[in-house]
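All remarks here apply to the structure that follows.
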Amino acid sequence: MWRYLQNLVKLGIVGLFLGIGLKQGFLTFLGFASIALSVGLFYSSGYTKVSGNTFLKTLRNIGEFGDFITYSEIRKLGFSSIFTNVYLPSLDGNTTEVDLIALHKTGIYVFEVKNYSGWIYGDEFQKNWTATLNRNTKNQFYNPIRQNYGHIESLKTFIKNTNEDTFHSYIVFSVRCKIQKLNKKSSDDVICITKQELLARTVKRHLTTRKEVLIEQEIYDIERVLEGQCRQSAEFKRAHVENLKKKFDK
């Protein structure tokens, strides 16, 4: 679905501007029709309800768009509920933002989405990884395995559940990158690193092989707790970003 939607959005925008520029009625109609269909698919997915983001905001922000694609991939797999942009108290006294948390009878699935381009190099135990676009362009970013580990530790404390078997970590990279070299000793069942186009089938396989660890009442209780941690105000988000800047500038 995500590839279809992504291409459809591009088709709508390109078709619209091409049609207007060339004054060709059919292309203009095609552009408007594509945009209308894209908007319809977006709002029917339920993403706005869980994230609070509109179609245009999601389309304009590469991070939000990546979260939406991940949400779209996993929403069809039978999760009890999916939460996006979840802000939790972190162990250092600040806040941490989790991209997606999905609840299922087999556990709590925690997703860290990385919307990078280029070749990805990393080691499970290194502090930073590298995204390489070309010989002269290399960008370092914080090890997402460590990052999601921190998210899970904060989540454990917040919902008061320390059972290791309950939590499942997923690092999801975009289709624009290639995982070129990755040294990871932990099994995929403990820490799964995958790409958006493989996410649905990977999670589906895990759902069928894992034992049940949560009953319905536990899932309901966790849902009630997490609902208050989503869709925060713009002021709250600005304060969160400022705290992150101070933390990493030290």
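Residues are named by chain letter and number: chains run A, B, ... in the order of the structure tokens, numbers start at 1 in each chain, and ligands are numbered from 1 in the order shown.
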For Ile74 of chain A, find every residue with an atom within 8 Å (counting only C-alpha atoms), except residues of its own chain fewer than 5 positions away, and show them as an mmCIF file with N, CA and C atoms, in the first residue's frame.
```cif
data_model
loop_
_atom_site.group_PDB
_atom_site.id
_atom_site.type_symbol
_atom_site.label_atom_id
_atom_site.label_comp_id
_atom_site.auth_asym_id
_atom_site.auth_seq_id
_atom_site.Cartn_x
_atom_site.Cartn_y
_atom_site.Cartn_z
ATOM 1 N N PHE A 79 -3.147 -5.472 15.288
ATOM 2 C CA PHE A 79 -2.776 -4.915 16.581
ATOM 3 C C PHE A 79 -4.003 -4.345 17.273
ATOM 4 N N LEU A 199 8.644 -4.626 6.313
ATOM 5 C CA LEU A 199 8.169 -4.562 7.691
ATOM 6 C C LEU A 199 6.943 -5.428 7.940
ATOM 7 N N ALA A 200 5.930 -5.319 7.083
ATOM 8 C CA ALA A 200 4.667 -6.029 7.325
ATOM 9 C C ALA A 200 4.873 -7.537 7.391
ATOM 10 N N VAL A 203 6.929 -8.482 10.680
ATOM 11 C CA VAL A 203 6.135 -8.426 11.908
ATOM 12 C C VAL A 203 5.069 -9.520 11.902
#
```
(request) Mind listing the helix (DSSP H, G or I) residues of segment 20-202 of chain A, per DSSP on the backbone, as a PyMOL selection string? (result) chain A and resi 20-22+25-44+47-51+55-60+62-77+144-159+164-166+196-202
Let me see the file: selected residues, C-alpha atoms, as a PDB file, in the first residue's frame.
```
ATOM      1  CA  ILE A  20      -1.700  23.768 -15.118  1.00  0.00           C
ATOM      2  CA  GLY A  21       1.630  24.691 -16.716  1.00  0.00           C
ATOM      3  CA  LEU A  22       0.726  23.213 -20.083  1.00  0.00           C
ATOM      4  CA  GLY A  25      -7.313  19.903 -19.070  1.00  0.00           C
ATOM      5  CA  PHE A  26      -6.872  16.121 -18.877  1.00  0.00           C
ATOM      6  CA  LEU A  27      -3.601  16.329 -16.966  1.00  0.00           C
ATOM      7  CA  THR A  28      -5.066  18.904 -14.611  1.00  0.00           C
ATOM      8  CA  PHE A  29      -8.023  16.626 -13.989  1.00  0.00           C
ATOM      9  CA  LEU A  30      -5.669  13.686 -13.482  1.00  0.00           C
ATOM     10  CA  GLY A  31      -3.692  15.673 -10.925  1.00  0.00           C
ATOM     11  CA  PHE A  32      -6.757  16.710  -8.949  1.00  0.00           C
ATOM     12  CA  ALA A  33      -8.198  13.184  -9.106  1.00  0.00           C
ATOM     13  CA  SER A  34      -4.944  11.663  -7.872  1.00  0.00           C
ATOM     14  CA  ILE A  35      -4.694  14.119  -5.001  1.00  0.00           C
ATOM     15  CA  ALA A  36      -8.320  13.492  -4.049  1.00  0.00           C
ATOM     16  CA  LEU A  37      -7.756   9.733  -4.020  1.00  0.00           C
ATOM     17  CA  SER A  38      -4.534  10.125  -2.025  1.00  0.00           C
ATOM     18  CA  VAL A  39      -6.263  12.312   0.543  1.00  0.00           C
ATOM     19  CA  GLY A  40      -9.101   9.796   0.785  1.00  0.00           C
ATOM     20  CA  LEU A  41      -6.701   6.915   1.392  1.00  0.00           C
ATOM     21  CA  PHE A  42      -4.805   8.943   3.964  1.00  0.00           C
ATOM     22  CA  TYR A  43      -7.824   9.884   6.060  1.00  0.00           C
ATOM     23  CA  SER A  44      -9.418   6.449   5.787  1.00  0.00           C
ATOM     24  CA  TYR A  47      -3.626   8.119  10.953  1.00  0.00           C
ATOM     25  CA  THR A  48      -4.976  11.601  11.626  1.00  0.00           C
ATOM     26  CA  LYS A  49      -6.958  10.317  14.590  1.00  0.00           C
ATOM     27  CA  VAL A  50      -3.932   8.738  16.264  1.00  0.00           C
ATOM     28  CA  SER A  51      -1.342  11.358  15.313  1.00  0.00           C
ATOM     29  CA  PHE A  55      -2.484  15.203   5.039  1.00  0.00           C
ATOM     30  CA  LEU A  56      -0.414  18.260   4.099  1.00  0.00           C
ATOM     31  CA  LYS A  57       1.605  18.276   7.320  1.00  0.00           C
ATOM     32  CA  THR A  58       2.420  14.603   6.872  1.00  0.00           C
ATOM     33  CA  LEU A  59       3.353  15.046   3.223  1.00  0.00           C
ATOM     34  CA  ARG A  60       5.593  18.058   3.885  1.00  0.00           C
ATOM     35  CA  ILE A  62       9.768  13.579   5.797  1.00  0.00           C
ATOM     36  CA  GLY A  63       9.805  12.275   9.360  1.00  0.00           C
ATOM     37  CA  GLU A  64       6.026  12.361   9.678  1.00  0.00           C
ATOM     38  CA  PHE A  65       5.653  10.739   6.260  1.00  0.00           C
ATOM     39  CA  GLY A  66       7.967   7.926   7.312  1.00  0.00           C
ATOM     40  CA  ASP A  67       5.928   7.369  10.463  1.00  0.00           C
ATOM     41  CA  PHE A  68       2.748   7.293   8.392  1.00  0.00           C
ATOM     42  CA  ILE A  69       4.174   4.672   6.036  1.00  0.00           C
ATOM     43  CA  THR A  70       5.228   2.521   9.003  1.00  0.00           C
ATOM     44  CA  TYR A  71       1.799   2.968  10.589  1.00  0.00           C
ATOM     45  CA  SER A  72       0.124   1.961   7.321  1.00  0.00           C
ATOM     46  CA  GLU A  73       2.215  -1.185   7.072  1.00  0.00           C
ATOM     47  CA  ILE A  74       1.464  -2.488  10.554  1.00  0.00           C
ATOM     48  CA  ARG A  75      -2.160  -1.375  10.993  1.00  0.00           C
ATOM     49  CA  LYS A  76      -3.366  -4.290   8.842  1.00  0.00           C
ATOM     50  CA  LEU A  77      -1.738  -6.928  11.080  1.00  0.00           C
ATOM     51  CA  PRO A 144      19.051   3.558  16.788  1.00  0.00           C
ATOM     52  CA  ILE A 145      19.419   0.299  18.734  1.00  0.00           C
ATOM     53  CA  ARG A 146      20.562   2.297  21.759  1.00  0.00           C
ATOM     54  CA  GLN A 147      17.897   4.879  21.089  1.00  0.00           C
ATOM     55  CA  ASN A 148      15.070   2.357  21.042  1.00  0.00           C
ATOM     56  CA  TYR A 149      16.532   0.592  24.072  1.00  0.00           C
ATOM     57  CA  GLY A 150      16.191   3.874  25.944  1.00  0.00           C
ATOM     58  CA  HIS A 151      12.608   4.197  24.714  1.00  0.00           C
ATOM     59  CA  ILE A 152      11.757   0.725  25.969  1.00  0.00           C
ATOM     60  CA  GLU A 153      13.381   1.324  29.358  1.00  0.00           C
ATOM     61  CA  SER A 154      11.359   4.521  29.768  1.00  0.00           C
ATOM     62  CA  LEU A 155       8.222   2.688  28.684  1.00  0.00           C
ATOM     63  CA  LYS A 156       8.825  -0.110  31.187  1.00  0.00           C
ATOM     64  CA  THR A 157       9.040   2.405  34.013  1.00  0.00           C
ATOM     65  CA  PHE A 158       6.046   4.415  32.826  1.00  0.00           C
ATOM     66  CA  ILE A 159       3.616   1.493  32.503  1.00  0.00           C
ATOM     67  CA  GLU A 164      11.569  -8.503  29.135  1.00  0.00           C
ATOM     68  CA  ASP A 165       9.444 -10.859  27.032  1.00  0.00           C
ATOM     69  CA  THR A 166       6.765  -8.186  26.701  1.00  0.00           C
ATOM     70  CA  GLN A 196       9.699  -0.332   5.274  1.00  0.00           C
ATOM     71  CA  GLU A 197       8.936  -2.603   2.331  1.00  0.00           C
ATOM     72  CA  LEU A 198       9.733  -5.700   4.431  1.00  0.00           C
ATOM     73  CA  LEU A 199       8.169  -4.562   7.691  1.00  0.00           C
ATOM     74  CA  ALA A 200       4.667  -6.029   7.325  1.00  0.00           C
ATOM     75  CA  ARG A 201       5.792  -9.544   6.428  1.00  0.00           C
ATOM     76  CA  THR A 202       8.498  -9.481   9.124  1.00  0.00           C
TER      77      THR A 202
END
```
DSSP on the backbone, then: every residue of segment 107-146 of chain A marked strand (DSSP E or B), written as a PDB file with N, CA, C and O atoms, in the first residue's frame.
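Saved the output as states-v7.pdb:
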```
ATOM      1  N   GLY A 107       2.685  -8.942  22.936  1.00  0.00           N
ATOM      2  CA  GLY A 107       3.604  -7.979  23.518  1.00  0.00           C
ATOM      3  C   GLY A 107       3.417  -6.558  23.043  1.00  0.00           C
ATOM      4  O   GLY A 107       2.463  -6.221  22.348  1.00  0.00           O
ATOM      5  N   ILE A 108       4.381  -5.738  23.438  1.00  0.00           N
ATOM      6  CA  ILE A 108       4.394  -4.322  23.072  1.00  0.00           C
ATOM      7  C   ILE A 108       5.497  -4.114  22.045  1.00  0.00           C
ATOM      8  O   ILE A 108       6.677  -4.358  22.318  1.00  0.00           O
ATOM      9  N   TYR A 109       5.113  -3.668  20.862  1.00  0.00           N
ATOM     10  CA  TYR A 109       6.036  -3.503  19.747  1.00  0.00           C
ATOM     11  C   TYR A 109       6.422  -2.027  19.640  1.00  0.00           C
ATOM     12  O   TYR A 109       5.560  -1.163  19.460  1.00  0.00           O
ATOM     13  N   VAL A 110       7.727  -1.760  19.747  1.00  0.00           N
ATOM     14  CA  VAL A 110       8.224  -0.389  19.795  1.00  0.00           C
ATOM     15  C   VAL A 110       9.059  -0.133  18.535  1.00  0.00           C
ATOM     16  O   VAL A 110      10.049  -0.820  18.287  1.00  0.00           O
ATOM     17  N   PHE A 111       8.656   0.873  17.755  1.00  0.00           N
ATOM     18  CA  PHE A 111       9.266   1.135  16.455  1.00  0.00           C
ATOM     19  C   PHE A 111      10.015   2.466  16.460  1.00  0.00           C
ATOM     20  O   PHE A 111       9.463   3.498  16.834  1.00  0.00           O
ATOM     21  N   GLU A 112      11.259   2.423  16.008  1.00  0.00           N
ATOM     22  CA  GLU A 112      12.057   3.617  15.763  1.00  0.00           C
ATOM     23  C   GLU A 112      12.248   3.723  14.255  1.00  0.00           C
ATOM     24  O   GLU A 112      12.823   2.819  13.629  1.00  0.00           O
ATOM     25  N   VAL A 113      11.755   4.807  13.661  1.00  0.00           N
ATOM     26  CA  VAL A 113      11.755   4.954  12.201  1.00  0.00           C
ATOM     27  C   VAL A 113      12.866   5.918  11.791  1.00  0.00           C
ATOM     28  O   VAL A 113      12.959   7.042  12.300  1.00  0.00           O
ATOM     29  N   LYS A 114      13.708   5.467  10.847  1.00  0.00           N
ATOM     30  CA  LYS A 114      14.808   6.287  10.359  1.00  0.00           C
ATOM     31  C   LYS A 114      14.616   6.562   8.867  1.00  0.00           C
ATOM     32  O   LYS A 114      14.685   5.649   8.043  1.00  0.00           O
ATOM     33  N   GLY A 118      20.861   6.896   1.309  1.00  0.00           N
ATOM     34  CA  GLY A 118      22.250   6.476   1.184  1.00  0.00           C
ATOM     35  C   GLY A 118      22.536   5.113   1.785  1.00  0.00           C
ATOM     36  O   GLY A 118      21.635   4.324   2.052  1.00  0.00           O
ATOM     37  N   TRP A 119      23.807   4.834   1.988  1.00  0.00           N
ATOM     38  CA  TRP A 119      24.258   3.562   2.542  1.00  0.00           C
ATOM     39  C   TRP A 119      24.407   3.697   4.056  1.00  0.00           C
ATOM     40  O   TRP A 119      24.980   4.669   4.551  1.00  0.00           O
ATOM     41  N   ILE A 120      23.916   2.698   4.764  1.00  0.00           N
ATOM     42  CA  ILE A 120      23.944   2.720   6.219  1.00  0.00           C
ATOM     43  C   ILE A 120      25.006   1.759   6.745  1.00  0.00           C
ATOM     44  O   ILE A 120      25.056   0.592   6.343  1.00  0.00           O
ATOM     45  N   TYR A 121      25.856   2.279   7.623  1.00  0.00           N
ATOM     46  CA  TYR A 121      26.889   1.473   8.268  1.00  0.00           C
ATOM     47  C   TYR A 121      26.699   1.591   9.776  1.00  0.00           C
ATOM     48  O   TYR A 121      26.477   2.690  10.296  1.00  0.00           O
ATOM     49  N   GLY A 122      26.805   0.442  10.477  1.00  0.00           N
ATOM     50  CA  GLY A 122      26.638   0.525  11.915  1.00  0.00           C
ATOM     51  C   GLY A 122      27.057  -0.730  12.642  1.00  0.00           C
ATOM     52  O   GLY A 122      27.253  -1.795  12.042  1.00  0.00           O
ATOM     53  N   ASP A 123      27.208  -0.586  13.944  1.00  0.00           N
ATOM     54  CA  ASP A 123      27.558  -1.678  14.831  1.00  0.00           C
ATOM     55  C   ASP A 123      26.637  -1.601  16.042  1.00  0.00           C
ATOM     56  O   ASP A 123      26.353  -0.506  16.543  1.00  0.00           O
ATOM     57  N   ASN A 128      27.548   5.805  17.545  1.00  0.00           N
ATOM     58  CA  ASN A 128      26.991   6.434  16.342  1.00  0.00           C
ATOM     59  C   ASN A 128      27.090   5.531  15.128  1.00  0.00           C
ATOM     60  O   ASN A 128      28.007   4.711  15.022  1.00  0.00           O
ATOM     61  N   TRP A 129      26.150   5.688  14.211  1.00  0.00           N
ATOM     62  CA  TRP A 129      26.163   5.026  12.913  1.00  0.00           C
ATOM     63  C   TRP A 129      26.394   6.078  11.836  1.00  0.00           C
ATOM     64  O   TRP A 129      26.384   7.285  12.116  1.00  0.00           O
ATOM     65  N   THR A 130      26.582   5.607  10.588  1.00  0.00           N
ATOM     66  CA  THR A 130      26.883   6.526   9.487  1.00  0.00           C
ATOM     67  C   THR A 130      25.956   6.283   8.305  1.00  0.00           C
ATOM     68  O   THR A 130      25.713   5.136   7.920  1.00  0.00           O
ATOM     69  N   ALA A 131      25.458   7.374   7.756  1.00  0.00           N
ATOM     70  CA  ALA A 131      24.698   7.335   6.501  1.00  0.00           C
ATOM     71  C   ALA A 131      25.553   8.022   5.438  1.00  0.00           C
ATOM     72  O   ALA A 131      25.906   9.201   5.581  1.00  0.00           O
ATOM     73  N   THR A 132      25.922   7.289   4.387  1.00  0.00           N
ATOM     74  CA  THR A 132      26.812   7.802   3.351  1.00  0.00           C
ATOM     75  C   THR A 132      26.053   8.006   2.053  1.00  0.00           C
ATOM     76  O   THR A 132      25.496   7.058   1.493  1.00  0.00           O
ATOM     77  N   LEU A 133      26.007   9.250   1.576  1.00  0.00           N
ATOM     78  CA  LEU A 133      25.361   9.548   0.300  1.00  0.00           C
ATOM     79  C   LEU A 133      26.335   9.391  -0.863  1.00  0.00           C
ATOM     80  O   LEU A 133      25.986   8.883  -1.922  1.00  0.00           O
ATOM     81  N   ASN A 134      27.553   9.856  -0.653  1.00  0.00           N
ATOM     82  CA  ASN A 134      28.603   9.716  -1.659  1.00  0.00           C
ATOM     83  C   ASN A 134      29.945   9.830  -0.939  1.00  0.00           C
ATOM     84  O   ASN A 134      29.997   9.885   0.293  1.00  0.00           O
ATOM     85  N   THR A 137      29.986  12.986   1.279  1.00  0.00           N
ATOM     86  CA  THR A 137      28.854  13.297   2.155  1.00  0.00           C
ATOM     87  C   THR A 137      28.560  12.131   3.087  1.00  0.00           C
ATOM     88  O   THR A 137      28.006  11.108   2.669  1.00  0.00           O
ATOM     89  N   LYS A 138      28.974  12.300   4.338  1.00  0.00           N
ATOM     90  CA  LYS A 138      28.733  11.275   5.353  1.00  0.00           C
ATOM     91  C   LYS A 138      28.124  11.944   6.585  1.00  0.00           C
ATOM     92  O   LYS A 138      28.644  12.940   7.067  1.00  0.00           O
ATOM     93  N   ASN A 139      27.026  11.382   7.055  1.00  0.00           N
ATOM     94  CA  ASN A 139      26.346  11.929   8.216  1.00  0.00           C
ATOM     95  C   ASN A 139      26.260  10.879   9.321  1.00  0.00           C
ATOM     96  O   ASN A 139      25.875   9.742   9.071  1.00  0.00           O
ATOM     97  N   GLN A 140      26.644  11.279  10.523  1.00  0.00           N
ATOM     98  CA  GLN A 140      26.540  10.375  11.660  1.00  0.00           C
ATOM     99  C   GLN A 140      25.227  10.608  12.400  1.00  0.00           C
ATOM    100  O   GLN A 140      24.732  11.731  12.473  1.00  0.00           O
ATOM    101  N   PHE A 141      24.672   9.533  12.940  1.00  0.00           N
ATOM    102  CA  PHE A 141      23.456   9.641  13.740  1.00  0.00           C
ATOM    103  C   PHE A 141      23.539   8.648  14.895  1.00  0.00           C
ATOM    104  O   PHE A 141      24.244   7.645  14.823  1.00  0.00           O
ATOM    105  N   TYR A 142      22.827   8.969  15.951  1.00  0.00           N
ATOM    106  CA  TYR A 142      22.892   8.164  17.165  1.00  0.00           C
ATOM    107  C   TYR A 142      22.405   6.741  16.892  1.00  0.00           C
ATOM    108  O   TYR A 142      21.407   6.533  16.191  1.00  0.00           O
TER     109      TYR A 142
END
```
(request) Between atom CA of Leu103 of chain A and atom CA of Thr194 of chain A, measure the distance and give it in Å to one decimal. (result)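 Between these atoms lies a distance of 19.3 Å.
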(message) For Ser81 of chain A, find every residue with an atom within 10 Å (counting only C-alpha atoms), except residues of its own chain fewer than 3 positions away, and show them as a PyMOL selection string.
(response) chain A and resi 50+75+78+101-104+219-220+223
(message) Just to confirm, what's the straight-line distance from atom CA of Val172 of chain A to atom CA of Thr96 of chain A in Å (one decimal)?
(response)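 Atom-to-atom, atom CA of Val172 of chain A to atom CA of Thr96 of chain A, that is 17.9 Å.
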